[in-house]
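What's in data29.cif: mmCIF, C-alpha atoms
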```cif
data_input
loop_
_atom_site.label_atom_id
_atom_site.label_comp_id
_atom_site.auth_asym_id
_atom_site.auth_seq_id
_atom_site.Cartn_x
_atom_site.Cartn_y
_atom_site.Cartn_z
CA MET A 1 -122.63 61.25 77.13
CA THR A 2 -124.99 58.34 76.46
CA ILE A 3 -128.75 58.30 77.03
CA GLN A 4 -128.28 56.37 80.29
CA GLU A 5 -125.61 58.78 81.47
CA ALA A 6 -127.77 61.76 80.53
CA LEU A 7 -130.65 60.41 82.58
CA ARG A 8 -128.41 59.86 85.60
CA TYR A 9 -126.95 63.32 85.21
CA GLY A 10 -130.40 64.89 84.87
CA ARG A 11 -131.68 63.14 87.99
CA SER A 12 -128.70 64.32 89.99
CA GLN A 13 -129.19 67.91 88.84
CA LEU A 14 -132.93 67.98 89.55
CA ARG A 15 -133.00 65.99 92.80
CA PRO A 16 -132.49 69.02 95.10
CA THR A 17 -135.38 70.99 93.59
CA SER A 18 -137.82 68.54 91.98
CA PRO A 19 -140.25 66.18 93.74
CA SER A 20 -140.02 63.86 90.71
CA PRO A 21 -136.45 64.08 89.36
CA ASP A 22 -136.59 60.73 87.54
CA MET A 23 -139.67 61.61 85.53
CA ASP A 24 -138.60 65.21 84.92
CA ALA A 25 -135.16 64.20 83.63
CA ARG A 26 -136.78 61.65 81.35
CA LEU A 27 -139.37 64.09 79.97
CA LEU A 28 -136.72 66.69 79.21
CA LEU A 29 -134.50 64.16 77.45
CA GLN A 30 -137.44 62.82 75.45
CA PHE A 31 -138.13 66.38 74.36
CA VAL A 32 -134.53 66.99 73.28
CA LEU A 33 -134.34 63.72 71.35
CA SER A 34 -137.94 63.82 70.05
CA LYS A 35 -138.21 60.17 71.09
CA PRO A 36 -140.64 58.25 73.35
CA HIS A 37 -139.76 56.65 76.66
CA THR A 38 -139.43 53.24 75.01
CA HIS A 39 -136.62 54.57 72.82
CA LEU A 40 -134.67 55.73 75.87
CA ILE A 41 -135.01 52.29 77.43
CA ALA A 42 -134.04 50.38 74.29
CA HIS A 43 -131.13 52.61 73.29
CA GLY A 44 -129.54 53.58 76.60
CA GLU A 45 -126.00 53.20 75.24
CA ARG A 46 -126.58 55.50 72.29
CA PRO A 47 -124.51 58.70 72.58
CA LEU A 48 -125.99 62.19 72.43
CA THR A 49 -124.58 64.71 69.98
CA PRO A 50 -122.78 67.73 71.45
CA LEU A 51 -125.75 69.89 70.46
CA GLN A 52 -128.19 67.56 72.23
CA VAL A 53 -126.05 67.64 75.37
CA GLN A 54 -126.04 71.43 75.26
CA GLN A 55 -129.80 71.58 74.76
CA TYR A 56 -130.42 69.11 77.59
CA GLN A 57 -128.21 71.04 80.00
CA SER A 58 -130.01 74.27 79.10
CA LEU A 59 -133.40 72.72 79.84
CA LEU A 60 -132.14 71.29 83.12
CA LYS A 61 -131.07 74.77 84.22
CA ARG A 62 -134.55 76.09 83.49
CA ALA A 63 -136.08 73.27 85.54
CA GLN A 64 -133.63 73.91 88.37
CA ALA A 65 -134.90 77.50 88.43
CA SER A 66 -138.42 76.14 89.18
CA GLU A 67 -139.84 76.57 85.67
CA PRO A 68 -142.52 73.85 85.36
CA ILE A 69 -141.64 70.98 83.05
CA PRO A 70 -144.89 71.29 81.02
CA TYR A 71 -144.01 74.88 80.12
CA ILE A 72 -140.48 73.88 79.14
CA ILE A 73 -141.63 71.11 76.81
CA GLY A 74 -144.87 72.85 75.85
CA GLU A 75 -147.29 70.06 76.70
CA ALA A 76 -149.08 68.30 79.53
CA PRO A 77 -151.13 65.10 79.80
CA PHE A 78 -154.83 65.16 80.64
CA TYR A 79 -157.44 62.39 80.41
CA GLY A 80 -155.47 60.43 77.83
CA PHE A 81 -154.69 63.45 75.65
CA THR A 82 -151.56 65.57 75.36
CA PHE A 83 -152.48 69.26 75.56
CA ARG A 84 -150.32 72.14 74.41
CA VAL A 85 -149.66 74.52 77.29
CA THR A 86 -147.99 77.91 77.58
CA PRO A 87 -147.57 80.31 80.53
CA ASP A 88 -150.86 81.86 79.38
CA VAL A 89 -152.78 78.84 80.70
CA LEU A 90 -152.91 76.77 83.85
CA ILE A 91 -151.18 73.40 83.68
CA PRO A 92 -153.93 70.70 83.81
CA ARG A 93 -154.07 68.85 87.13
CA PRO A 94 -155.12 65.22 87.78
CA GLU A 95 -157.83 66.44 90.18
CA THR A 96 -159.62 68.13 87.29
CA GLU A 97 -160.04 64.74 85.60
CA GLN A 98 -162.56 63.93 88.35
CA LEU A 99 -164.60 66.95 87.29
CA VAL A 100 -164.57 65.63 83.72
CA GLU A 101 -165.63 62.16 84.88
CA MET A 102 -168.58 63.60 86.78
CA ALA A 103 -169.60 65.74 83.83
CA LEU A 104 -169.44 62.75 81.50
CA ALA A 105 -171.52 60.66 83.89
CA TRP A 106 -174.16 63.41 84.06
CA ALA A 107 -174.25 64.11 80.33
CA SER A 108 -173.82 60.67 78.79
CA ALA A 109 -177.43 59.65 79.43
CA ARG A 110 -178.80 62.71 77.62
CA GLU A 111 -179.48 62.60 73.89
CA SER A 112 -178.60 66.23 73.40
CA LEU A 113 -177.43 69.08 75.56
CA HIS A 114 -175.60 72.39 75.58
CA LEU A 115 -172.73 72.67 78.04
CA VAL A 116 -170.29 75.44 78.83
CA ASP A 117 -166.77 75.26 80.25
CA VAL A 118 -166.15 78.51 82.12
CA GLY A 119 -162.53 79.64 82.41
CA THR A 120 -161.42 77.11 79.83
CA GLY A 121 -157.69 77.91 79.88
CA SER A 122 -155.94 75.25 77.80
CA GLY A 123 -159.33 73.87 76.82
CA CYS A 124 -158.61 70.56 78.53
CA ILE A 125 -162.14 70.24 79.98
CA ALA A 126 -164.02 71.48 76.92
CA VAL A 127 -162.01 69.44 74.42
CA THR A 128 -162.25 66.24 76.46
CA LEU A 129 -165.99 66.62 76.95
CA ALA A 130 -166.55 67.44 73.27
CA HIS A 131 -164.57 64.36 72.23
CA HIS A 132 -166.54 62.03 74.48
CA LEU A 133 -169.97 63.67 74.01
CA PRO A 134 -170.58 63.97 70.27
CA GLN A 135 -174.25 64.72 70.97
CA ALA A 136 -173.36 67.83 72.97
CA ARG A 137 -173.07 71.43 71.90
CA VAL A 138 -169.95 72.69 73.68
CA THR A 139 -169.04 76.30 74.44
CA ALA A 140 -165.79 77.39 76.10
CA VAL A 141 -165.37 80.81 77.73
CA ASP A 142 -162.27 82.59 78.98
CA LEU A 143 -161.40 86.15 79.90
CA SER A 144 -157.93 85.83 78.36
CA PRO A 145 -157.57 86.06 74.54
CA ALA A 146 -154.16 84.39 74.82
CA ALA A 147 -155.65 81.43 76.69
CA LEU A 148 -158.40 81.11 74.08
CA ALA A 149 -155.75 80.94 71.34
CA VAL A 150 -154.16 77.95 73.12
CA ALA A 151 -157.55 76.31 73.66
CA ARG A 152 -158.49 76.73 70.00
CA GLU A 153 -155.24 75.09 68.91
CA ASN A 154 -155.84 72.15 71.26
CA ALA A 155 -159.37 71.75 69.92
CA ARG A 156 -158.08 71.74 66.35
CA ARG A 157 -155.46 69.12 67.19
CA LEU A 158 -157.40 66.80 69.46
CA THR A 159 -161.05 66.58 68.43
CA LYS A 160 -163.20 66.64 65.33
CA GLN A 161 -166.13 67.99 67.34
CA SER A 162 -167.05 71.65 67.00
CA ILE A 163 -166.47 73.92 70.01
CA THR A 164 -167.61 77.54 70.25
CA PHE A 165 -165.04 79.79 71.93
CA LEU A 166 -166.16 83.06 73.55
CA GLN A 167 -164.05 85.76 75.17
CA GLY A 168 -165.47 87.38 78.27
CA SER A 169 -166.12 87.16 81.99
CA LEU A 170 -167.73 83.97 83.28
CA LEU A 171 -171.22 83.46 81.80
CA SER A 172 -171.69 86.99 80.47
CA PRO A 173 -170.81 86.10 76.82
CA LEU A 174 -173.52 83.42 76.64
CA ALA A 175 -176.50 84.44 74.54
CA HIS A 176 -178.55 81.31 75.32
CA LYS A 177 -179.24 79.11 78.32
CA VAL A 178 -177.29 75.89 78.83
CA ASP A 179 -177.94 72.51 80.44
CA LEU A 180 -174.58 72.02 82.13
CA ILE A 181 -172.03 74.46 83.52
CA VAL A 182 -168.58 73.10 84.36
CA ALA A 183 -165.84 75.26 85.81
CA ASN A 184 -162.41 75.09 87.38
CA LEU A 185 -162.25 78.71 88.47
CA PRO A 186 -159.56 80.50 90.50
CA TYR A 187 -159.92 79.43 94.13
CA ILE A 188 -156.56 80.11 95.80
CA THR A 189 -156.99 82.46 98.77
CA ASP A 190 -154.74 85.46 99.27
CA ASP A 191 -153.05 83.74 102.22
CA GLU A 192 -152.54 80.50 100.28
CA TRP A 193 -151.02 82.48 97.40
CA THR A 194 -148.16 83.69 99.56
CA MET A 195 -147.30 80.10 100.47
CA LEU A 196 -147.48 78.59 96.97
CA ASP A 197 -144.43 76.95 95.46
CA ASP A 198 -142.39 79.37 93.34
CA GLY A 199 -142.80 77.10 90.32
CA VAL A 200 -146.52 77.84 90.43
CA LYS A 201 -146.53 81.40 91.73
CA LEU A 202 -143.85 82.72 89.38
CA ASN A 203 -144.88 80.88 86.23
CA GLU A 204 -148.57 80.02 86.07
CA PRO A 205 -151.13 82.76 85.35
CA ALA A 206 -152.35 84.43 88.53
CA LEU A 207 -155.63 85.17 86.73
CA ALA A 208 -156.35 81.43 86.70
CA LEU A 209 -155.36 80.86 90.33
CA ARG A 210 -156.17 83.74 92.66
CA GLY A 211 -159.71 83.80 94.02
CA GLY A 212 -159.53 86.74 96.42
CA ALA A 213 -159.44 86.88 100.20
CA ASP A 214 -161.56 83.74 100.70
CA GLY A 215 -160.85 82.16 97.30
CA LEU A 216 -164.53 82.32 96.34
CA MET A 217 -164.73 85.57 94.39
CA SER A 218 -165.14 83.96 90.96
CA ILE A 219 -167.27 81.08 92.22
CA HIS A 220 -169.64 83.51 93.93
CA ALA A 221 -169.93 85.61 90.77
CA LEU A 222 -170.58 82.53 88.63
CA LEU A 223 -173.38 81.33 90.90
CA GLN A 224 -174.95 84.79 90.83
CA GLN A 225 -175.07 84.65 87.02
CA ALA A 226 -176.01 80.98 86.71
CA GLY A 227 -179.65 81.35 87.71
CA GLU A 228 -180.41 83.18 84.46
CA LYS A 229 -178.19 81.00 82.29
CA LEU A 230 -179.16 77.47 83.36
CA ASN A 231 -182.09 75.50 81.95
CA LEU A 232 -184.55 73.78 84.28
CA GLY A 233 -183.15 70.43 85.35
CA GLY A 234 -179.63 71.59 84.52
CA ALA A 235 -176.53 71.16 86.65
CA ILE A 236 -173.38 72.97 87.72
CA ILE A 237 -170.17 71.08 88.46
CA LEU A 238 -167.39 73.06 90.17
CA GLU A 239 -163.84 72.25 91.18
CA ILE A 240 -163.04 73.91 94.51
CA GLY A 241 -160.20 74.32 96.99
CA TYR A 242 -159.54 71.53 99.44
CA ARG A 243 -160.90 73.53 102.41
CA GLN A 244 -163.86 75.16 100.69
CA GLY A 245 -166.45 72.39 100.72
CA THR A 246 -168.67 73.83 103.45
CA ALA A 247 -168.44 77.40 102.20
CA VAL A 248 -169.23 76.52 98.58
CA THR A 249 -172.12 74.18 99.41
CA GLN A 250 -173.64 76.89 101.62
CA LEU A 251 -173.13 79.45 98.87
CA ALA A 252 -174.75 77.11 96.34
CA ALA A 253 -177.73 76.56 98.63
CA THR A 254 -178.22 80.32 98.91
CA HIS A 255 -178.44 80.73 95.14
CA PHE A 256 -180.22 77.41 94.42
CA PRO A 257 -182.28 76.58 97.53
CA ALA A 258 -184.33 73.88 95.77
CA ALA A 259 -181.33 72.12 94.21
CA THR A 260 -179.65 68.90 95.27
CA ILE A 261 -176.10 69.81 96.25
CA THR A 262 -173.35 67.21 96.67
CA LEU A 263 -169.72 67.44 97.71
CA LYS A 264 -167.22 64.90 96.38
CA PRO A 265 -163.70 64.43 97.74
CA ASP A 266 -160.65 63.87 95.57
CA PHE A 267 -158.49 60.73 95.77
CA ALA A 268 -156.63 62.22 98.72
CA GLY A 269 -159.88 62.67 100.63
CA HIS A 270 -160.00 66.47 100.29
CA ASP A 271 -163.04 68.49 99.26
CA ARG A 272 -162.79 68.90 95.50
CA ILE A 273 -166.03 68.83 93.44
CA VAL A 274 -169.39 70.45 94.17
CA THR A 275 -172.38 69.45 92.06
CA ILE A 276 -175.57 71.52 91.97
CA GLN A 277 -178.48 69.63 90.40
CA THR A 278 -181.46 71.87 89.78
CA ARG A 279 -185.08 70.74 89.52
#
```

Rendering of file as structure tokens:
Amino acid sequence: MTIQEALRYGRSQLRPTSPSPDMDARLLLQFVLSKPHTHLIAHGERPLTPLQVQQYQSLLKRAQASEPIPYIIGEAPFYGFTFRVTPDVLIPRPETEQLVEMALAWASARESLHLVDVGTGSGCIAVTLAHHLPQARVTAVDLSPAALAVARENARRLTKQSITFLQGSLLSPLAHKVDLIVANLPYITDDEWTMLDDGVKLNEPALALRGGADGLMSIHALLQQAGEKLNLGGAIILEIGYRQGTAVTQLAATHFPAATITLKPDFAGHDRIVTIQTR
């Protein structure tokens, strides 16, 4: 079996179950061969060894069983970086890059600041912000020790900036006030959970996804704590569910009645980011 034949075979095997069989087959073959995409293009006639064929077929079976490709290959792209991921952490989503962009826009004009990434998971938000904001003091919090281990490894690999990692619930581990709170907290409602794709529901950590009956359990708790943890003039930037814009902005106004609250849609036009700018 040549590289070209392997790619065709992989696409045919994944087409019934994957929304992106071409890309998934390519990523799995790149992983088996430890080669970039350009190598596959340039050396399509090169044969695979019997062991490589066996490994590729084994990975394809895992993908056919709805195991997410990032967990199979152990990595996922985010904001120009490649993050290590395991089933202990949520796979980074493109929508979360918008949260990072808004945080960078808010923070880049400030000479110094202390920011916290709440529910850091893989550390994709904290690491990216630390890399692009060398003037910032960055703290990352997660309830899961296993997730923090993954985040620490990503920080070690991807940035020279120092990040403080704390284990605990939301803002409770913070000993000092901060200028910026960023968070992609669990926001899937109980009803939405039952309808999620099996690849997500059976593989990604429920702790990072399920937000209770209305999806707002963690967001509500964070906003309750934030009043005592946020400096004057500070901001909160939250990723939310696509139908939660009105509920979260009203909730934010209850806790921060004097703040400027904005709702930003994602590229698909759905509610996605809420910003709370205090005075």

Discussion item. Taking only C-alpha atoms into account, name the residue in A:Ala149, A:Ile163, A:Ile3, A:Val127 that is nearest to Ala42 (chain A).
Written reply: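 Closest to Ala42 (chain A) of all the choices is A:Ile3.
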
Hey, which bits of region 143-237 of chain A sit within 8 Å of region 83-93 of chain A, and for each residue what's the closest pair of atoms and how far apart in Å (one decimal), counting all atoms listed in the file, rows by chain and increasing number, as CSV?
```
residue,atom,partner,partner_atom,distance
A:Ala146,CA,A:Asp88,CA,6.2
A:Ala147,CA,A:Asp88,CA,5.5
A:Val150,CA,A:Val85,CA,7.0
A:Glu153,CA,A:Arg84,CA,7.9
A:Asn154,CA,A:Phe83,CA,6.2
A:Asn203,CA,A:Pro87,CA,6.3
A:Glu204,CA,A:Pro87,CA,5.6
A:Pro205,CA,A:Asp88,CA,6.0
A:Ala208,CA,A:Leu90,CA,6.5
```

Would you mind listing, for every residue of region 148-211 of chain A within 10 Å of region 99-123 of chain A, the two atoms forming the shortest contact and the distance between them in Å to one decimal, using only C-alpha atoms, sorted by chain and ascending residue number, as CSV?
```
residue,atom,partner,partner_atom,distance
A:Leu148,CA,A:Gly121,CA,6.7
A:Ala149,CA,A:Ser122,CA,8.6
A:Val150,CA,A:Ser122,CA,5.7
A:Ala151,CA,A:Gly123,CA,4.4
A:Arg152,CA,A:Gly123,CA,7.4
A:Glu153,CA,A:Ser122,CA,8.9
A:Asn154,CA,A:Gly123,CA,6.8
A:Ala155,CA,A:Gly123,CA,7.2
A:Ile163,CA,A:Val116,CA,9.7
A:Thr164,CA,A:Val116,CA,9.2
A:Phe165,CA,A:Thr120,CA,9.1
A:Leu166,CA,A:Val118,CA,9.7
A:Gln167,CA,A:Gly119,CA,9.6
A:Gly168,CA,A:Gly119,CA,9.3
A:Ser169,CA,A:Gly119,CA,8.3
A:Leu170,CA,A:Val118,CA,5.8
A:Leu171,CA,A:Val118,CA,7.1
A:Leu174,CA,A:Val116,CA,8.9
A:His176,CA,A:His114,CA,9.4
A:Lys177,CA,A:His114,CA,8.1
A:Val178,CA,A:His114,CA,5.1
A:Asp179,CA,A:His114,CA,5.4
A:Leu180,CA,A:Leu115,CA,4.5
A:Ile181,CA,A:Val116,CA,5.1
A:Val182,CA,A:Asp117,CA,5.0
A:Ala183,CA,A:Val118,CA,4.9
A:Asn184,CA,A:Gly119,CA,6.7
A:Leu185,CA,A:Gly119,CA,6.1
A:Pro186,CA,A:Gly119,CA,8.7
A:Pro205,CA,A:Gly121,CA,9.8
A:Leu207,CA,A:Gly119,CA,9.8
A:Ala208,CA,A:Gly119,CA,7.7
```

Emit the selected residues as an mmCIF file, keeping the file's coordinate frame, including C-alpha atoms.
```cif
data_model
loop_
_atom_site.group_PDB
_atom_site.id
_atom_site.type_symbol
_atom_site.label_atom_id
_atom_site.label_comp_id
_atom_site.auth_asym_id
_atom_site.auth_seq_id
_atom_site.Cartn_x
_atom_site.Cartn_y
_atom_site.Cartn_z
ATOM 1 C CA LEU A 148 -158.400 81.110 74.080
ATOM 2 C CA ALA A 149 -155.750 80.940 71.340
ATOM 3 C CA VAL A 150 -154.160 77.950 73.120
ATOM 4 C CA ALA A 151 -157.550 76.310 73.660
ATOM 5 C CA ARG A 152 -158.490 76.730 70.000
ATOM 6 C CA GLU A 153 -155.240 75.090 68.910
ATOM 7 C CA ASN A 154 -155.840 72.150 71.260
ATOM 8 C CA ALA A 155 -159.370 71.750 69.920
ATOM 9 C CA ILE A 163 -166.470 73.920 70.010
ATOM 10 C CA THR A 164 -167.610 77.540 70.250
ATOM 11 C CA PHE A 165 -165.040 79.790 71.930
ATOM 12 C CA LEU A 166 -166.160 83.060 73.550
ATOM 13 C CA GLN A 167 -164.050 85.760 75.170
ATOM 14 C CA GLY A 168 -165.470 87.380 78.270
ATOM 15 C CA SER A 169 -166.120 87.160 81.990
ATOM 16 C CA LEU A 170 -167.730 83.970 83.280
ATOM 17 C CA LEU A 171 -171.220 83.460 81.800
ATOM 18 C CA LEU A 174 -173.520 83.420 76.640
ATOM 19 C CA HIS A 176 -178.550 81.310 75.320
ATOM 20 C CA LYS A 177 -179.240 79.110 78.320
ATOM 21 C CA VAL A 178 -177.290 75.890 78.830
ATOM 22 C CA ASP A 179 -177.940 72.510 80.440
ATOM 23 C CA LEU A 180 -174.580 72.020 82.130
ATOM 24 C CA ILE A 181 -172.030 74.460 83.520
ATOM 25 C CA VAL A 182 -168.580 73.100 84.360
ATOM 26 C CA ALA A 183 -165.840 75.260 85.810
ATOM 27 C CA ASN A 184 -162.410 75.090 87.380
ATOM 28 C CA LEU A 185 -162.250 78.710 88.470
ATOM 29 C CA PRO A 186 -159.560 80.500 90.500
ATOM 30 C CA PRO A 205 -151.130 82.760 85.350
ATOM 31 C CA LEU A 207 -155.630 85.170 86.730
ATOM 32 C CA ALA A 208 -156.350 81.430 86.700
#
```

Fill in: Selection result for the PyMOL selection byres ((chain A and resi 190) around 12) on this file, as an NGL selection string
:A and (186-189 or 191-196 or 201 or 206 or 209-217)

Could you save the residues just selected, with C-alpha atoms, as a compact mmCIF listing (two decimals), in the frame of the given file?
```txt
# COMPACT_ATOMS: atom_id res chain seq x y z
CA PRO A 186 -159.56 80.50 90.50
CA TYR A 187 -159.92 79.43 94.13
CA ILE A 188 -156.56 80.11 95.80
CA THR A 189 -156.99 82.46 98.77
CA ASP A 191 -153.05 83.74 102.22
CA GLU A 192 -152.54 80.50 100.28
CA TRP A 193 -151.02 82.48 97.40
CA THR A 194 -148.16 83.69 99.56
CA MET A 195 -147.30 80.10 100.47
CA LEU A 196 -147.48 78.59 96.97
CA LYS A 201 -146.53 81.40 91.73
CA ALA A 206 -152.35 84.43 88.53
CA LEU A 209 -155.36 80.86 90.33
CA ARG A 210 -156.17 83.74 92.66
CA GLY A 211 -159.71 83.80 94.02
CA GLY A 212 -159.53 86.74 96.42
CA ALA A 213 -159.44 86.88 100.20
CA ASP A 214 -161.56 83.74 100.70
CA GLY A 215 -160.85 82.16 97.30
CA LEU A 216 -164.53 82.32 96.34
CA MET A 217 -164.73 85.57 94.39
```

Which residues are close to Tyr79 (chain A), i.e. within 9 Å by all atoms listed in the file, leaving aside same-chain residues fewer than 2 positions away? Reply as a tab-separated table (two decimals) with C-alpha atoms, keeping the file's coordinate frame.
```tsv
chain	number	residue	atom	x	y	z
A	77	PRO	CA	-151.13	65.10	79.80
A	81	PHE	CA	-154.69	63.45	75.65
A	82	THR	CA	-151.56	65.57	75.36
A	94	PRO	CA	-155.12	65.22	87.78
A	97	GLU	CA	-160.04	64.74	85.60
A	100	VAL	CA	-164.57	65.63	83.72
A	124	CYS	CA	-158.61	70.56	78.53
A	128	THR	CA	-162.25	66.24	76.46
```

Item to complete: Show me as an NGL selection string the residues that reach within 12 Å of (-165.4, 69.2, 92.1), counting all atoms listed in the file and using the file's own coordinates.
Response: :A and (94-103 or 182-185 or 187 or 236-242 or 244-245 or 248-249 or 261-267 or 270-276)

So that I have them on file, write out the residues from the current selection with C-alpha atoms, as a PDB file, in the coordinates of the input.
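Saved the output as out_23.pdb:
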```
ATOM      1  CA  PRO A  94    -155.120  65.220  87.780  1.00  0.00           C
ATOM      2  CA  GLU A  95    -157.830  66.440  90.180  1.00  0.00           C
ATOM      3  CA  THR A  96    -159.620  68.130  87.290  1.00  0.00           C
ATOM      4  CA  GLU A  97    -160.040  64.740  85.600  1.00  0.00           C
ATOM      5  CA  GLN A  98    -162.560  63.930  88.350  1.00  0.00           C
ATOM      6  CA  LEU A  99    -164.600  66.950  87.290  1.00  0.00           C
ATOM      7  CA  VAL A 100    -164.570  65.630  83.720  1.00  0.00           C
ATOM      8  CA  GLU A 101    -165.630  62.160  84.880  1.00  0.00           C
ATOM      9  CA  MET A 102    -168.580  63.600  86.780  1.00  0.00           C
ATOM     10  CA  ALA A 103    -169.600  65.740  83.830  1.00  0.00           C
ATOM     11  CA  VAL A 182    -168.580  73.100  84.360  1.00  0.00           C
ATOM     12  CA  ALA A 183    -165.840  75.260  85.810  1.00  0.00           C
ATOM     13  CA  ASN A 184    -162.410  75.090  87.380  1.00  0.00           C
ATOM     14  CA  LEU A 185    -162.250  78.710  88.470  1.00  0.00           C
ATOM     15  CA  TYR A 187    -159.920  79.430  94.130  1.00  0.00           C
ATOM     16  CA  ILE A 236    -173.380  72.970  87.720  1.00  0.00           C
ATOM     17  CA  ILE A 237    -170.170  71.080  88.460  1.00  0.00           C
ATOM     18  CA  LEU A 238    -167.390  73.060  90.170  1.00  0.00           C
ATOM     19  CA  GLU A 239    -163.840  72.250  91.180  1.00  0.00           C
ATOM     20  CA  ILE A 240    -163.040  73.910  94.510  1.00  0.00           C
ATOM     21  CA  GLY A 241    -160.200  74.320  96.990  1.00  0.00           C
ATOM     22  CA  TYR A 242    -159.540  71.530  99.440  1.00  0.00           C
ATOM     23  CA  GLN A 244    -163.860  75.160 100.690  1.00  0.00           C
ATOM     24  CA  GLY A 245    -166.450  72.390 100.720  1.00  0.00           C
ATOM     25  CA  VAL A 248    -169.230  76.520  98.580  1.00  0.00           C
ATOM     26  CA  THR A 249    -172.120  74.180  99.410  1.00  0.00           C
ATOM     27  CA  ILE A 261    -176.100  69.810  96.250  1.00  0.00           C
ATOM     28  CA  THR A 262    -173.350  67.210  96.670  1.00  0.00           C
ATOM     29  CA  LEU A 263    -169.720  67.440  97.710  1.00  0.00           C
ATOM     30  CA  LYS A 264    -167.220  64.900  96.380  1.00  0.00           C
ATOM     31  CA  PRO A 265    -163.700  64.430  97.740  1.00  0.00           C
ATOM     32  CA  ASP A 266    -160.650  63.870  95.570  1.00  0.00           C
ATOM     33  CA  PHE A 267    -158.490  60.730  95.770  1.00  0.00           C
ATOM     34  CA  HIS A 270    -160.000  66.470 100.290  1.00  0.00           C
ATOM     35  CA  ASP A 271    -163.040  68.490  99.260  1.00  0.00           C
ATOM     36  CA  ARG A 272    -162.790  68.900  95.500  1.00  0.00           C
ATOM     37  CA  ILE A 273    -166.030  68.830  93.440  1.00  0.00           C
ATOM     38  CA  VAL A 274    -169.390  70.450  94.170  1.00  0.00           C
ATOM     39  CA  THR A 275    -172.380  69.450  92.060  1.00  0.00           C
ATOM     40  CA  ILE A 276    -175.570  71.520  91.970  1.00  0.00           C
TER      41      ILE A 276
END
```

Fill in: CA of Ala268 (chain A) to CA of Leu14 (chain A), straight-line distance in Å
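Separation between CA of Leu14 (chain A) and CA of Ala268 (chain A): 26.1 Å.
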
Fill in: Pairwise distance for CA of Gln54 (chain A) and CA of Ser20 (chain A), rounded to one decimal in Å
22.2 Å

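In this comparison, which uses only C-alpha atoms, the residue of A:His37, A:Val200, A:Pro50, A:Leu129 approaching Ser66 (chain A) most closely is A:Val200.
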
Discussion item. Please determine, counting all atoms listed in the file, which residue among A:Arg46, A:Arg157, A:Leu29, A:Gln57 has the shortest atom-to-atom distance to Ile73 (chain A).
Written reply: A:Leu29

Worksheet item: Quick one: distance from CA of Leu232 (chain A) to CA of Ala175 (chain A) in Å, one decimal?
Response: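 Interatomic distance here is 16.5 Å.
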
Discussion item. When the PyMOL selection byres ((chain A and resi 255) around 8) is applied to the structure above, which residues does it catch, written out as a VMD selection string?
Written reply: chain A and resid 223 to 224 227 251 to 254 256 to 257

Pull C-alpha atoms for region 132-152 of chain A from the block and write them as an mmCIF file, in the first residue's frame.
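As written to disk, part.cif reads:
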```cif
data_model
loop_
_atom_site.group_PDB
_atom_site.id
_atom_site.type_symbol
_atom_site.label_atom_id
_atom_site.label_comp_id
_atom_site.auth_asym_id
_atom_site.auth_seq_id
_atom_site.Cartn_x
_atom_site.Cartn_y
_atom_site.Cartn_z
ATOM 1 C CA HIS A 132 1.505 37.250 23.349
ATOM 2 C CA LEU A 133 1.420 39.356 26.549
ATOM 3 C CA PRO A 134 4.906 39.258 28.069
ATOM 4 C CA GLN A 135 3.951 42.159 30.348
ATOM 5 C CA ALA A 136 1.156 40.136 31.956
ATOM 6 C CA ARG A 137 1.140 38.003 35.053
ATOM 7 C CA VAL A 138 -0.865 34.922 34.070
ATOM 8 C CA THR A 139 -2.623 32.482 36.396
ATOM 9 C CA ALA A 140 -4.461 29.361 35.244
ATOM 10 C CA VAL A 141 -7.004 27.554 37.435
ATOM 11 C CA ASP A 142 -8.660 24.175 37.021
ATOM 12 C CA LEU A 143 -10.554 21.806 39.284
ATOM 13 C CA SER A 144 -8.916 18.764 37.679
ATOM 14 C CA PRO A 145 -5.324 17.848 38.677
ATOM 15 C CA ALA A 146 -5.052 15.741 35.514
ATOM 16 C CA ALA A 147 -6.009 18.710 33.338
ATOM 17 C CA LEU A 148 -3.466 20.904 35.122
ATOM 18 C CA ALA A 149 -0.752 18.341 34.360
ATOM 19 C CA VAL A 150 -1.562 18.642 30.640
ATOM 20 C CA ALA A 151 -1.663 22.447 30.847
ATOM 21 C CA ARG A 152 1.705 22.581 32.609
#
```
